[in-house]
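Next comes protein_8.txt, with compact mmCIF, C-alpha atoms (C1' of nucleotides).
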# COMPACT_ATOMS: atom_id res chain seq x y z
CA MET A 1 85.71 94.30 86.10
CA ARG A 2 84.44 97.81 86.69
CA ASP A 3 86.12 99.59 83.83
CA GLU A 4 84.12 102.79 84.40
CA ILE A 5 86.68 103.44 87.12
CA LEU A 6 89.21 104.12 84.38
CA GLN A 7 86.82 106.07 82.15
CA SER A 8 87.93 109.57 83.03
CA PHE A 9 91.44 108.65 84.15
CA ASP A 10 94.37 110.25 82.32
CA ILE A 11 96.37 107.09 81.76
CA GLN A 12 98.92 108.73 79.48
CA GLY A 13 99.60 111.60 81.87
CA PHE A 14 99.87 109.22 84.80
CA GLN A 15 102.38 107.04 82.95
CA ASN A 16 104.51 109.99 81.90
CA ASN A 17 104.62 111.58 85.35
CA LEU A 18 105.36 108.29 87.05
CA ILE A 19 108.06 107.13 84.63
CA ASN A 20 109.82 110.50 84.51
CA TRP A 21 109.82 110.69 88.29
CA TYR A 22 111.19 107.15 88.52
CA LEU A 23 113.99 107.77 86.03
CA ASP A 24 115.05 110.86 87.98
CA ASN A 25 114.68 109.46 91.50
CA LYS A 26 115.26 105.70 91.38
CA ARG A 27 117.59 104.35 94.04
CA ASP A 28 120.97 102.98 93.01
CA LEU A 29 120.37 99.34 93.97
CA PRO A 30 122.73 96.44 93.23
CA TRP A 31 120.14 94.56 91.15
CA ARG A 32 119.61 97.60 88.94
CA LYS A 33 123.11 97.57 87.45
CA ASP A 34 121.93 95.52 84.48
CA GLN A 35 118.94 93.54 83.29
CA ASP A 36 120.38 90.05 83.72
CA PRO A 37 117.21 87.95 84.11
CA TYR A 38 118.92 85.70 86.69
CA LYS A 39 119.85 88.67 88.88
CA VAL A 40 116.40 90.19 88.50
CA TRP A 41 114.94 86.84 89.48
CA VAL A 42 117.10 86.39 92.56
CA SER A 43 116.42 89.94 93.71
CA GLU A 44 112.67 89.56 93.28
CA ILE A 45 112.62 86.35 95.32
CA MET A 46 114.63 87.98 98.11
CA LEU A 47 112.40 91.04 98.05
CA GLN A 48 109.25 89.02 98.71
CA GLN A 49 107.90 90.32 102.03
CA THR A 50 111.35 91.73 102.75
CA GLN A 51 112.52 95.33 102.74
CA VAL A 52 115.15 96.66 100.37
CA ASP A 53 117.70 97.56 103.06
CA THR A 54 117.52 94.03 104.45
CA VAL A 55 118.00 92.42 101.05
CA ILE A 56 121.00 94.43 99.79
CA PRO A 57 123.80 92.61 101.71
CA TYR A 58 122.19 89.22 101.11
CA PHE A 59 121.94 89.90 97.38
CA GLN A 60 125.61 90.91 97.24
CA ARG A 61 126.81 87.78 99.02
CA PHE A 62 124.47 85.53 97.06
CA MET A 63 125.57 86.84 93.68
CA SER A 64 129.27 86.63 94.55
CA LYS A 65 128.79 82.98 95.61
CA TYR A 66 126.39 82.08 92.80
CA PRO A 67 127.05 84.48 89.88
CA THR A 68 125.17 82.42 87.28
CA VAL A 69 122.29 80.00 86.94
CA TYR A 70 124.73 77.11 86.77
CA ASP A 71 126.63 78.12 89.91
CA LEU A 72 123.39 77.99 91.86
CA ALA A 73 122.16 74.85 90.10
CA TYR A 74 125.26 72.87 91.05
CA ALA A 75 125.54 74.22 94.61
CA ASP A 76 124.97 72.19 97.78
CA PRO A 77 121.43 73.00 99.04
CA GLN A 78 122.74 73.21 102.60
CA ASP A 79 125.26 75.87 101.50
CA VAL A 80 122.48 77.78 99.77
CA LEU A 81 120.47 77.63 102.97
CA LYS A 82 123.47 78.90 104.93
CA THR A 83 123.78 81.83 102.52
CA TRP A 84 120.07 82.54 103.07
CA GLU A 85 120.47 82.32 106.86
CA GLY A 86 118.74 85.21 108.61
CA LEU A 87 116.70 86.29 105.60
CA GLY A 88 113.69 84.20 106.54
CA TYR A 89 111.06 82.35 104.51
CA TYR A 90 113.61 79.65 103.80
CA SER A 91 111.42 77.77 101.34
CA ARG A 92 112.24 80.64 98.98
CA ALA A 93 115.84 79.43 98.83
CA ARG A 94 114.88 75.83 98.20
CA ASN A 95 112.28 76.73 95.58
CA LEU A 96 114.71 79.10 93.86
CA GLN A 97 117.38 76.46 93.55
CA ASN A 98 114.86 73.87 92.30
CA ALA A 99 113.63 76.34 89.70
CA VAL A 100 117.16 77.29 88.67
CA ARG A 101 117.99 73.62 88.20
CA GLU A 102 114.96 73.29 85.94
CA VAL A 103 116.13 76.32 83.95
CA ALA A 104 119.58 74.74 83.60
CA GLU A 105 118.19 71.41 82.44
CA THR A 106 115.06 72.32 80.50
CA TYR A 107 115.79 75.79 79.16
CA ASN A 108 119.50 75.49 78.42
CA GLY A 109 120.35 77.81 81.29
CA LYS A 110 118.30 80.70 79.97
CA VAL A 111 115.51 82.16 82.10
CA PRO A 112 112.36 81.72 79.97
CA ASP A 113 110.71 84.90 78.69
CA ASP A 114 107.45 83.05 78.08
CA PRO A 115 104.84 83.88 80.76
CA LYS A 116 103.51 80.34 80.97
CA GLN A 117 106.92 78.71 81.28
CA LEU A 118 108.10 81.33 83.75
CA GLY A 119 105.00 81.02 85.91
CA LYS A 120 105.47 77.28 86.27
CA LEU A 121 108.84 77.65 87.97
CA LYS A 122 108.87 76.95 91.71
CA GLY A 123 108.49 80.09 93.76
CA VAL A 124 107.49 82.27 90.80
CA GLY A 125 103.97 83.51 91.46
CA PRO A 126 101.92 86.22 89.74
CA TYR A 127 103.93 89.12 91.16
CA THR A 128 107.41 87.70 90.51
CA LYS A 129 106.41 86.57 87.03
CA GLY A 130 105.27 90.06 86.12
CA ALA A 131 108.35 91.64 87.68
CA ILE A 132 110.77 89.45 85.73
CA LEU A 133 108.89 89.82 82.46
CA SER A 134 108.72 93.59 82.73
CA ILE A 135 112.13 94.36 84.25
CA ALA A 136 114.29 91.78 82.48
CA PHE A 137 112.39 91.34 79.21
CA ASN A 138 110.53 94.63 78.88
CA GLN A 139 107.15 92.93 78.49
CA ALA A 140 104.00 94.74 79.59
CA HIS A 141 102.81 92.47 82.40
CA PRO A 142 101.49 93.85 85.70
CA ALA A 143 103.50 93.22 88.88
CA VAL A 144 101.22 93.85 91.83
CA ASP A 145 102.75 93.75 95.29
CA GLY A 146 101.82 95.44 98.54
CA ASN A 147 103.23 98.77 97.40
CA VAL A 148 101.30 98.72 94.14
CA MET A 149 98.04 97.83 95.85
CA ARG A 150 98.46 100.73 98.26
CA VAL A 151 99.30 103.18 95.46
CA LEU A 152 96.45 102.06 93.21
CA ALA A 153 93.95 102.02 96.08
CA ARG A 154 94.74 105.68 96.65
CA VAL A 155 95.16 106.87 93.07
CA LEU A 156 91.95 105.20 91.90
CA GLU A 157 90.29 105.48 95.34
CA LEU A 158 89.47 101.79 95.55
CA GLU A 159 87.90 100.78 98.85
CA ASP A 160 88.14 97.02 98.50
CA ASP A 161 89.85 95.08 101.29
CA ILE A 162 93.35 94.39 99.95
CA ALA A 163 93.74 91.49 102.39
CA GLN A 164 91.30 89.46 100.29
CA PRO A 165 92.80 87.34 97.49
CA LYS A 166 90.15 88.21 94.92
CA VAL A 167 90.90 91.91 95.37
CA LYS A 168 94.48 91.38 94.25
CA LYS A 169 93.19 90.03 90.95
CA GLN A 170 91.13 93.18 90.47
CA PHE A 171 94.21 95.30 91.14
CA GLU A 172 96.16 93.26 88.59
CA HIS A 173 93.47 94.08 86.08
CA TYR A 174 93.77 97.79 86.76
CA ALA A 175 97.56 97.65 86.74
CA GLY A 176 97.39 95.90 83.36
CA ALA A 177 95.14 98.65 82.04
CA LEU A 178 97.44 101.40 83.27
CA ILE A 179 100.82 99.93 82.38
CA SER A 180 103.03 101.67 79.86
CA HIS A 181 103.72 99.53 76.80
CA ASN A 182 106.58 101.82 75.90
CA ASP A 183 108.49 101.32 79.17
CA PRO A 184 106.79 98.65 81.30
CA SER A 185 109.97 98.18 83.34
CA SER A 186 110.12 101.78 84.55
CA PHE A 187 106.36 101.85 85.02
CA ASN A 188 106.24 98.81 87.29
CA GLN A 189 109.35 99.75 89.21
CA GLY A 190 108.07 103.31 89.41
CA LEU A 191 104.84 102.18 91.07
CA MET A 192 106.80 100.20 93.64
CA GLU A 193 109.39 102.94 94.16
CA LEU A 194 106.59 105.43 94.66
CA GLY A 195 105.02 103.17 97.28
CA ALA A 196 108.34 102.78 99.07
CA LEU A 197 109.46 106.42 99.02
CA ILE A 198 106.38 108.66 98.70
CA CYS A 199 103.08 106.80 98.97
CA THR A 200 104.03 105.15 102.27
CA PRO A 201 101.56 103.39 104.58
CA LYS A 202 101.60 106.15 107.21
CA GLU A 203 102.16 109.85 106.59
CA PRO A 204 102.57 109.66 102.81
CA LEU A 205 104.52 112.56 101.29
CA CYS A 206 101.74 113.74 98.98
CA MET A 207 103.38 117.17 98.63
CA PHE A 208 106.22 115.54 96.73
CA CYS A 209 104.12 113.05 94.78
CA PRO A 210 104.66 113.09 91.00
CA VAL A 211 101.13 111.81 90.35
CA GLN A 212 99.33 113.99 92.87
CA GLU A 213 97.23 115.58 90.12
CA HIS A 214 95.99 112.10 89.16
CA CYS A 215 95.29 110.87 92.68
CA ARG A 216 91.59 110.66 93.53
CA ALA A 217 92.20 109.99 97.20
CA PHE A 218 94.28 113.17 97.40
CA GLN A 219 91.57 115.15 95.68
CA GLU A 220 88.92 113.75 98.02
CA GLY A 221 91.06 113.91 101.15
CA THR A 222 90.80 110.16 101.77
CA VAL A 223 94.48 109.25 101.51
CA HIS A 224 94.71 108.39 105.21
CA ASP A 225 91.73 106.03 104.94
CA LEU A 226 93.24 103.98 102.13
CA PRO A 227 93.98 101.25 101.46
CA VAL A 228 91.35 99.32 103.40
CA LYS A 229 92.96 96.27 104.95
CA SER A 230 91.39 93.85 107.44
CA LYS A 231 93.50 92.86 110.42
CA ALA A 232 95.34 89.58 110.69
CA LYS A 233 94.51 87.45 113.70
CA LYS A 234 96.93 87.34 116.61
CA GLN A 235 99.73 84.81 116.74
CA LYS A 236 99.43 81.78 118.99
CA LYS A 237 102.03 81.55 121.73
CA ILE A 238 103.96 78.29 122.02
CA PRO A 239 106.27 77.63 124.99
CA TYR A 240 109.47 75.59 124.63
CA THR A 241 112.30 74.58 126.91
CA VAL A 242 115.56 74.71 124.98
CA LEU A 243 118.52 72.59 126.12
CA LEU A 244 122.08 73.70 125.47
CA VAL A 245 123.64 70.28 125.93
CA LYS A 246 127.42 70.09 126.39
CA ASN A 247 129.57 66.98 126.62
CA SER A 248 133.03 66.41 128.12
CA HIS A 249 134.75 67.46 124.86
CA ASN A 250 133.08 70.88 124.97
CA GLU A 251 130.86 69.88 122.08
CA TYR A 252 127.23 70.90 121.82
CA LEU A 253 124.23 68.88 120.69
CA ILE A 254 122.39 70.23 117.66
CA GLU A 255 119.63 68.77 115.54
CA LYS A 256 118.38 69.22 111.99
CA ARG A 257 114.75 70.23 111.65
CA PRO A 258 112.39 68.24 109.39
CA GLU A 259 112.50 68.85 105.63
CA ASP A 260 109.01 70.30 105.66
CA GLY A 261 107.27 73.03 107.59
CA LEU A 262 108.64 75.79 109.78
CA LEU A 263 112.38 76.48 109.34
CA ALA A 264 112.70 73.37 107.18
CA ASN A 265 116.19 71.80 107.12
CA MET A 266 117.61 74.41 109.49
CA TRP A 267 119.68 73.35 112.53
CA GLN A 268 118.89 74.18 116.12
CA PHE A 269 119.48 73.32 119.76
CA PRO A 270 117.01 70.68 120.95
CA MET A 271 113.63 72.04 121.96
CA VAL A 272 111.23 70.42 124.42
CA PRO A 273 107.55 71.37 123.99
CA ALA A 274 106.89 72.85 127.42
CA GLY A 275 103.13 72.70 126.94
CA GLU A 276 103.27 68.90 126.77
CA VAL A 277 106.21 68.05 129.04
CA ASN A 278 106.40 69.04 132.69
CA LYS A 279 109.65 70.39 134.13
CA GLY A 280 110.35 67.24 136.12
CA GLU A 281 109.83 65.00 133.09
CA ILE A 282 112.20 66.76 130.72
CA GLU A 283 115.19 64.46 131.23
CA ASN A 284 113.08 61.30 130.76
CA TRP A 285 111.34 62.78 127.73
CA PHE A 286 114.71 63.72 126.29
CA LYS A 287 116.04 60.19 126.68
CA LEU A 288 112.99 58.79 124.89
CA GLU A 289 113.01 61.38 122.11
CA TYR A 290 116.75 61.74 121.50
CA GLY A 291 118.25 58.62 123.06
CA ILE A 292 120.64 60.72 125.09
CA ASN A 293 120.96 61.02 128.87
CA VAL A 294 121.19 64.61 130.01
CA SER A 295 121.15 66.37 133.33
CA LEU A 296 119.58 69.77 133.47
CA SER A 297 121.57 72.54 135.10
CA ALA A 298 121.15 76.32 135.36
CA LYS A 299 118.59 78.35 133.48
CA GLN A 300 120.41 80.69 131.10
CA THR A 301 117.76 83.10 129.85
CA ASP A 302 114.26 83.68 128.51
CA LEU A 303 113.80 84.53 124.84
CA LYS A 304 110.76 85.50 122.82
CA HIS A 305 110.73 85.04 119.09
CA VAL A 306 107.94 86.37 116.89
CA PHE A 307 107.01 84.71 113.60
CA SER A 308 104.25 85.74 111.23
CA HIS A 309 101.74 83.29 112.68
CA ILE A 310 103.20 82.07 116.01
CA ILE A 311 105.27 83.30 118.93
CA TRP A 312 107.92 81.11 120.53
CA GLN A 313 108.38 81.59 124.26
CA LEU A 314 111.75 80.04 124.96
CA GLU A 315 113.17 79.08 128.33
CA VAL A 316 116.85 78.28 127.76
CA PHE A 317 118.67 75.84 130.05
CA ALA A 318 122.21 74.55 130.17
CA ALA A 319 122.58 70.76 130.37
CA LEU A 320 125.35 68.18 130.61
CA THR A 321 125.73 64.76 129.03
CA ALA A 322 128.23 61.91 129.11
CA SER A 323 127.49 61.09 125.48
CA GLU A 324 130.05 61.82 122.80
CA LYS A 325 128.19 60.61 119.76
CA ALA A 326 124.58 60.53 118.62
CA GLU A 327 123.10 57.62 116.70
CA ASP A 328 120.42 59.57 114.88
CA GLU A 329 121.46 61.14 111.55
CA ARG A 330 119.72 64.40 112.42
CA LEU A 331 121.76 64.78 115.63
CA ARG A 332 125.36 65.96 115.95
CA PHE A 333 127.83 67.01 118.58
CA VAL A 334 129.82 69.96 117.28
CA SER A 335 132.35 72.41 118.66
CA ARG A 336 131.65 76.09 119.09
CA GLU A 337 133.59 76.80 115.89
CA GLU A 338 131.81 74.12 113.87
CA LEU A 339 128.47 75.69 114.76
CA GLU A 340 129.30 78.45 112.29
CA ASP A 341 129.05 76.03 109.37
CA TYR A 342 125.40 75.16 109.99
CA PRO A 343 122.36 77.23 108.99
CA PHE A 344 120.67 78.40 112.19
CA PRO A 345 117.47 80.41 112.49
CA VAL A 346 117.90 83.77 114.18
CA SER A 347 116.02 82.55 117.24
CA HIS A 348 118.73 79.98 117.91
CA GLN A 349 121.62 82.23 116.89
CA ARG A 350 120.53 84.34 119.83
CA MET A 351 121.24 81.44 122.19
CA ILE A 352 124.88 81.02 121.19
CA PRO A 353 126.11 83.67 123.67
CA TYR A 354 124.49 81.62 126.44
CA LEU A 355 126.26 78.34 125.63
CA PRO A 356 127.68 76.83 128.83
C1' DA B 357 89.34 81.58 101.09
C1' DA B 358 92.27 80.66 104.84
C1' DT B 359 96.60 79.19 106.61
C1' DT B 360 101.47 78.52 106.61
C1' DC B 361 105.70 80.14 105.89
C1' DG B 362 110.91 84.83 108.97
C1' DG B 363 112.70 88.50 110.30
C1' DG B 364 113.51 93.34 110.83
C1' DG B 365 112.14 98.20 111.08
C1' DC B 366 108.99 101.49 112.64
C1' DC B 367 105.83 103.74 115.76
C1' DG C 368 102.27 95.71 121.42
C1' DG C 369 100.66 96.30 116.19
C1' DC C 370 101.69 97.18 111.37
C1' DC C 371 104.34 96.86 107.23
C1' DC C 372 107.33 94.83 103.95
C1' DA C 373 109.01 94.08 95.59
C1' DG C 374 104.31 86.93 98.04
C1' DA C 375 103.98 81.87 97.12
C1' DA C 376 102.57 77.31 98.33
C1' DT C 377 99.47 74.54 100.54
C1' DT C 378 95.08 73.07 102.19

Representation of the structure as structure tokens:
Amino acid sequence: MRDEILQSFDIQGFQNNLINWYLDNKRDLPWRKDQDPYKVWVSEIMLQQTQVDTVIPYFQRFMSKYPTVYDLAYADPQDVLKTWEGLGYYSRARNLQNAVREVAETYNGKVPDDPKQLGKLKGVGPYTKGAILSIAFNQAHPAVDGNVMRVLARVLELEDDIAQPKVKKQFEHYAGALISHNDPSSFNQGLMELGALICTPKEPLCMFCPVQEHCRAFQEGTVHDLPVKSKAKKQKKIPYTVLLVKNSHNEYLIEKRPEDGLLANMWQFPMVPAGEVNKGEIENWFKLEYGINVSLSAKQTDLKHVFSHIIWQLEVFAALTASEKAEDERLRFVSREELEDYPFPVSHQRMIPYLP
DNA sequence: AATTCGGGGCC
DNA sequence: GGCCCAGAATT
């Protein structure tokens, strides 16, 4: 790499200022009560692309349901998914349980402290590996997330586009060069805490920054120009007609999504791809696709749901059927109360108030 | 290297 | 509307 960037950098002073600030100002978070590797692991998975305030209640519920590696290893995957409901990126839950089962079987229930073994676990990438090693095992491995890239881009005044994968590897190199070997846990968490509380994306609080004297962007007045990040392309809009199908027993038709792809293994109300099926053909299409005769009734509402890469435009209709049972394994008629037992994506939770 | 994975908070 | 968030897996 370009190590001349670190030539005149006061690594020791930076470490001391950062760590002392962190120890004095760290938030009292539920996963910071101890260094249990399993808890650190679960918290780091939940915190991927997810803000602290969102994670807190999920972490509490998850740990009370699955206090140990073995509790999670032996749990029903559908129950785990239900516990994850609303948190998003549901493959995280499936990967976590698969990895925990491997830890139970292969590593005698102990989270491995070996970087190679840890990195092979499902869902444990470069960031999470470094976070677990440093926080739970006090090993000096870098843990570079979005916060750390923003902080380092400013402190070292790095103008590389942080949206590019190769740039993250460069930042990991710098983070590895800066990390405290005396207290890698506080150093890594301090970088992230600084990014969350002080070195924020917009309007950073430089006046309160513990490493202001080390920050090249502050010295040069370029804080607002960093980090450089290219824009993501706009999401594609996909229209659906959703059918809230009710039968004579006041039961509603739900279906289980495929085991791969978007919202894998979650349940939902049947969706008709409106881009491929005309309004007048919906009932025929439904009979062919689901084997159930329905009659469309009143439109209930329009909903828009934004994902990272697509936007669902949902037109929600009520519908009636004479059917009482569905042949297909992925289909079920359930009462309003029984709906609560199934993991639903937020987009479909929002339809429940409109059930006929 | 680019795309696929959720959802909420903020402006 | 756009941007950000304690990213990883897949292609």

Per residue of chain A within 8 Å of chain C, what are the shortest atom pair and its distance in Å to one decimal, counting all atoms listed in the file, with rows by chain and residue number, as JSON lines?
{"residue": "A:Glu44", "atom": "CA", "partner": "C:DA373", "partner_atom": "C1'", "distance": 6.3}
{"residue": "A:Leu47", "atom": "CA", "partner": "C:DA373", "partner_atom": "C1'", "distance": 5.2}
{"residue": "A:Gln48", "atom": "CA", "partner": "C:DG374", "partner_atom": "C1'", "distance": 5.4}
{"residue": "A:Gln49", "atom": "CA", "partner": "C:DC372", "partner_atom": "C1'", "distance": 4.9}
{"residue": "A:Thr50", "atom": "CA", "partner": "C:DC372", "partner_atom": "C1'", "distance": 5.2}
{"residue": "A:Gln51", "atom": "CA", "partner": "C:DC372", "partner_atom": "C1'", "distance": 5.4}
{"residue": "A:Gly123", "atom": "CA", "partner": "C:DA375", "partner_atom": "C1'", "distance": 5.9}
{"residue": "A:Val124", "atom": "CA", "partner": "C:DA375", "partner_atom": "C1'", "distance": 7.2}
{"residue": "A:Gly125", "atom": "CA", "partner": "C:DA375", "partner_atom": "C1'", "distance": 5.9}
{"residue": "A:Tyr127", "atom": "CA", "partner": "C:DG374", "partner_atom": "C1'", "distance": 7.2}
{"residue": "A:Asp145", "atom": "CA", "partner": "C:DA373", "partner_atom": "C1'", "distance": 6.3}
{"residue": "A:Gly146", "atom": "CA", "partner": "C:DC372", "partner_atom": "C1'", "distance": 7.7}
{"residue": "A:Asn147", "atom": "CA", "partner": "C:DA373", "partner_atom": "C1'", "distance": 7.7}
{"residue": "A:Met192", "atom": "CA", "partner": "C:DA373", "partner_atom": "C1'", "distance": 6.8}
{"residue": "A:Pro201", "atom": "CA", "partner": "C:DC371", "partner_atom": "C1'", "distance": 7.6}

**Message:** If we draw a sphere of 10 Å around (104.7, 98.6, 78.5), which residues have at least one atom in it when counting only C-alpha atoms (C1' of nucleotides)? Please report them as a count of residues only.
**Reply:** 19

**Prompt:** For chain B, which residue among A:Arg332, A:Lys229, A:Arg92, A:Lys287 is the nearest when counting all atoms listed in the file?
**Reply:**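 Looking at the shortest contact to chain B, the residue is A:Arg92.
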
Around region 19-23 of chain A, fit a box with edges along x, y and z, padding it by 4 Å on each side, then list its centre and edge lengths in Å to one decimal as AutoDock Vina command-line options.
--center_x 111.0 --center_y 108.9 --center_z 86.5 --size_x 13.9 --size_y 11.6 --size_z 12.0

**Item:** Among listed residues A:Gln300, A:Ser323, A:Ser91, A:Ser248, nearest chain B (using only C-alpha atoms (C1' of nucleotides))
**Value:**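 Of A:Gln300, A:Ser323, A:Ser91, A:Ser248, the one nearest chain B is A:Ser91, counting only C-alpha atoms (C1' of nucleotides).
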
Please report as a tab-separated table every residue of chain B lying within 7 Å of chain A, along with the nearest atom pair and their distance in Å (one decimal), using all atoms listed in the file.
residue	atom	partner	partner_atom	distance
B:DC361	C1'	A:Tyr89	CA	6.0
B:DG362	C1'	A:Gly88	CA	3.7
B:DG363	C1'	A:Gly88	CA	5.8

**Pick from A:Lys325, A:Arg154, A:Lys33, A:Lys168, whichever lies nearest to Cys215 (chain A) using all atoms listed in the file** =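 Comparing A:Lys325, A:Arg154, A:Lys33, A:Lys168 against Cys215 (chain A), the winner is A:Arg154.
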
**Asked** Restricting the calculation to all atoms listed in the file, which member of A:Met266, A:Val316, A:Leu331, A:Val55 is positioned closest to Arg94 (chain A)?
**Response**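 Closest to Arg94 (chain A) of all the choices is A:Met266.
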
**Request:** Measure the distance from CA of Glu315 (chain A) to CA of Val245 (chain A) in Å and round it to one decimal.
**Result:** 13.9 Å

**Asked** Any idea what the distance is between CA of Lys120 (chain A) and CA of Gln35 (chain A)?
**Response**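 Computing the Euclidean distance for CA of Lys120 (chain A) and CA of Gln35 (chain A) yields 21.3 Å.
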
**Interatomic distance (Å, one decimal) between CA of Lys299 (chain A) and CA of Ser335 (chain A)** =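 CA of Lys299 (chain A) sits 21.1 Å away from CA of Ser335 (chain A).
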
**Request:** Name all residues at most 8 Å from Ile310 (chain A) (count all atoms listed in the file; drop same-chain ones fewer than 5 positions away) and give them as a PyMOL selection string.
**Result:** chain A and resi 235-238
